[in-house]
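**Student:** Pasting a structure here, questions to come.
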Amino acid sequence: RIRASTQTARVLFTRASLIWVRFATSFCAAFIFIMGRKSSQRRTPRRKKSPDPVVEEDLSDDASDVSTDTVAMLGLSLQSEDAEEQLKSKLAETLDDLTEKRAATRVQGLEKLTAILKMLPNELVEDRKATCLDTVLGLLRRAGEKEAVLACKALCVIFVHLGAENERVIQRVTLPLRRIATKGGSGSPRRPWALRALVVGCFICGEESTTTQALMRLCVEILQHSVAGDEVTPDLEIAALESWTLLATVESKPFSNKKAYAWHLNLFREKLSSSLADLRAAAGEAVAVIAEEWRDNPSYHRNPREVVEAWLSTDASK
């Protein structure tokens, strides 16, 4: 019995030692990463295991669309052994469709492109990423209303395939997407979608803090109705609030001092009194993000109750 107890103790001690070594190794790696990060780079977002709700909601209306209606539209059989090869072949055909003169063919091609890129693994799109980006950007410059919206949605999926640390991609897409977001026509649905696509691209592919801050300033200008261009609609305001909130999870510098913090809080609180529930909800999310900054820096605001009251003044269901 004594010998068995000794062996059990040794096993437990060995396991505890391994756990401690793993913890120490992870801690040291995290410390080295944080200390070695350049000041010009954005902070790492606090991600959950599940996909980001803003990006997930924007990229797909319903996950079942990809597995049923879209598959039927593409004429695919996902049960076959060569399903991936079918998708690659369809991708090549779809890119050709986007160069057609008929607008209806291009619209259907954009819908197919987005669906195919959602289903294809990243490694199978490797040699087509640049072509997809060039084709959609070229189409965006001369697209009609529906084409422009679908092109922005396609760009969001393309950004996912391109991945992180692609600052050059953001520099390429910023000018055309920003032009549409600010001067795309009063009440045009392409404007909020262009802003969303630009911000999703920055969130996924961007790496420079200055680029992120510039887009956050654009969102603020839209909310102030001071952006050059046509009338700012509620849909564009909602897109601006959601976009600012998403970028604020990786870049807090624009509101990381007492004066800027109070200014942003007052701006978002104005939107909480809107008659539109979606606009109030988007403003509430923005207030929640900067409330986290106040939690880490309580000196930013003298009266924390005012922050909490602003946070809770949105609809309970939202």
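In the structure tokens, chains take the letters A, B, ... in the order shown, each chain's residues start at 1, and ligands count up from 1 in the order shown.
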Which residues are near region 134-140 of chain A? Cut-off 12 Å, only C-alpha atoms, ignore same chain within fewer than 2 positions. Put them as a ChimeraX atom specification.
**Tutor:** /A:92,94-101,103,106-107,109-111,113-114,128-132,142-159,169,172-177,179-180,184,190,194,197
**Student:** Mind checking DSSP for region 63-201 of chain A and telling me the helix (DSSP H, G or I) residues as a PyMOL selection string?
**Tutor:** chain A and resi 63-67+69-74+83-97+103-119+122-124+126-140+145-162+167-183+190-201
**Student:** How far is it from CA of Leu267 (chain A) to CA of Ser226 (chain A), in Å with one decimal?
**Tutor:**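 Atom-to-atom, CA of Leu267 (chain A) and CA of Ser226 (chain A) are spaced 13.2 Å apart.
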**Student:** Using only C-alpha atoms, which of the listed residues (A:Ser243, A:Ser252, A:Thr233, A:Ser89) sits closest to Cys219 (chain A)?
**Tutor:**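 Looking only at the distances to Cys219 (chain A), the closest residue turns out to be A:Ser243.
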**Student:** Take CA of Glu270 (chain A) and CA of Ala283 (chain A) and report the distance between them in Å, one decimal.
**Tutor:** 8.6 Å
**Student:** Which residues are near Gly187 (chain A)? Cut-off 10 Å, only C-alpha atoms, ignore same chain within fewer than 6 positions. Put them as a CSV table (one decimal) with N, CA, C and O atoms, in the first residue's frame.
**Tutor:**
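Saved the output as around_33.csv:
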```
chain,number,residue,atom,x,y,z
A,230,ASP,N,-23.3,63.3,-50.2
A,230,ASP,CA,-24.8,63.4,-50.2
A,230,ASP,C,-25.3,63.2,-48.7
A,230,ASP,O,-24.5,63.1,-47.8
A,231,GLU,N,-26.6,63.3,-48.6
A,231,GLU,CA,-27.2,63.2,-47.3
A,231,GLU,C,-26.9,61.9,-46.6
A,231,GLU,O,-26.9,60.8,-47.2
A,232,VAL,N,-26.6,61.9,-45.3
A,232,VAL,CA,-26.3,60.8,-44.5
A,232,VAL,C,-27.7,60.1,-44.1
A,232,VAL,O,-28.4,60.8,-43.3
A,233,THR,N,-27.9,58.9,-44.4
A,233,THR,CA,-29.2,58.2,-44.1
A,233,THR,C,-29.0,57.4,-42.8
A,233,THR,O,-27.9,57.1,-42.4
A,234,PRO,N,-30.1,57.0,-42.1
A,234,PRO,CA,-30.0,56.2,-41.0
A,234,PRO,C,-29.2,54.9,-41.2
A,234,PRO,O,-28.5,54.4,-40.3
A,235,ASP,N,-29.4,54.3,-42.4
A,235,ASP,CA,-28.7,53.0,-42.7
A,235,ASP,C,-27.2,53.3,-42.7
A,235,ASP,O,-26.4,52.4,-42.3
A,236,LEU,N,-26.8,54.4,-43.2
A,236,LEU,CA,-25.3,54.7,-43.3
A,236,LEU,C,-24.8,55.0,-41.9
A,236,LEU,O,-23.7,54.7,-41.5
```
**Student:** I'd like the interatomic distance between CA of Arg217 (chain A) and CA of Glu167 (chain A), to a tenth of an Å.
**Tutor:**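 A separation of 18.3 Å between them.
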**Student:** Need the shell around Leu276 (chain A): protein/DNA/RNA residues with any atom at most 12 Å away, counting only C-alpha atoms. Skip same-chain ones fewer than 3 positions apart. Format as number ranges by chain?
**Tutor:** A: 233-235, 237-238, 271-273, 279-283, 314-315, 318
**Student:** So, with only C-alpha atoms as the atoms that count, which of A:Val287, A:Asn122, A:Ala260, A:Gln108 lies closest to Glu84 (chain A)?
**Tutor:**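 Residue with the minimum atom-to-atom distance to Glu84 (chain A): A:Asn122.
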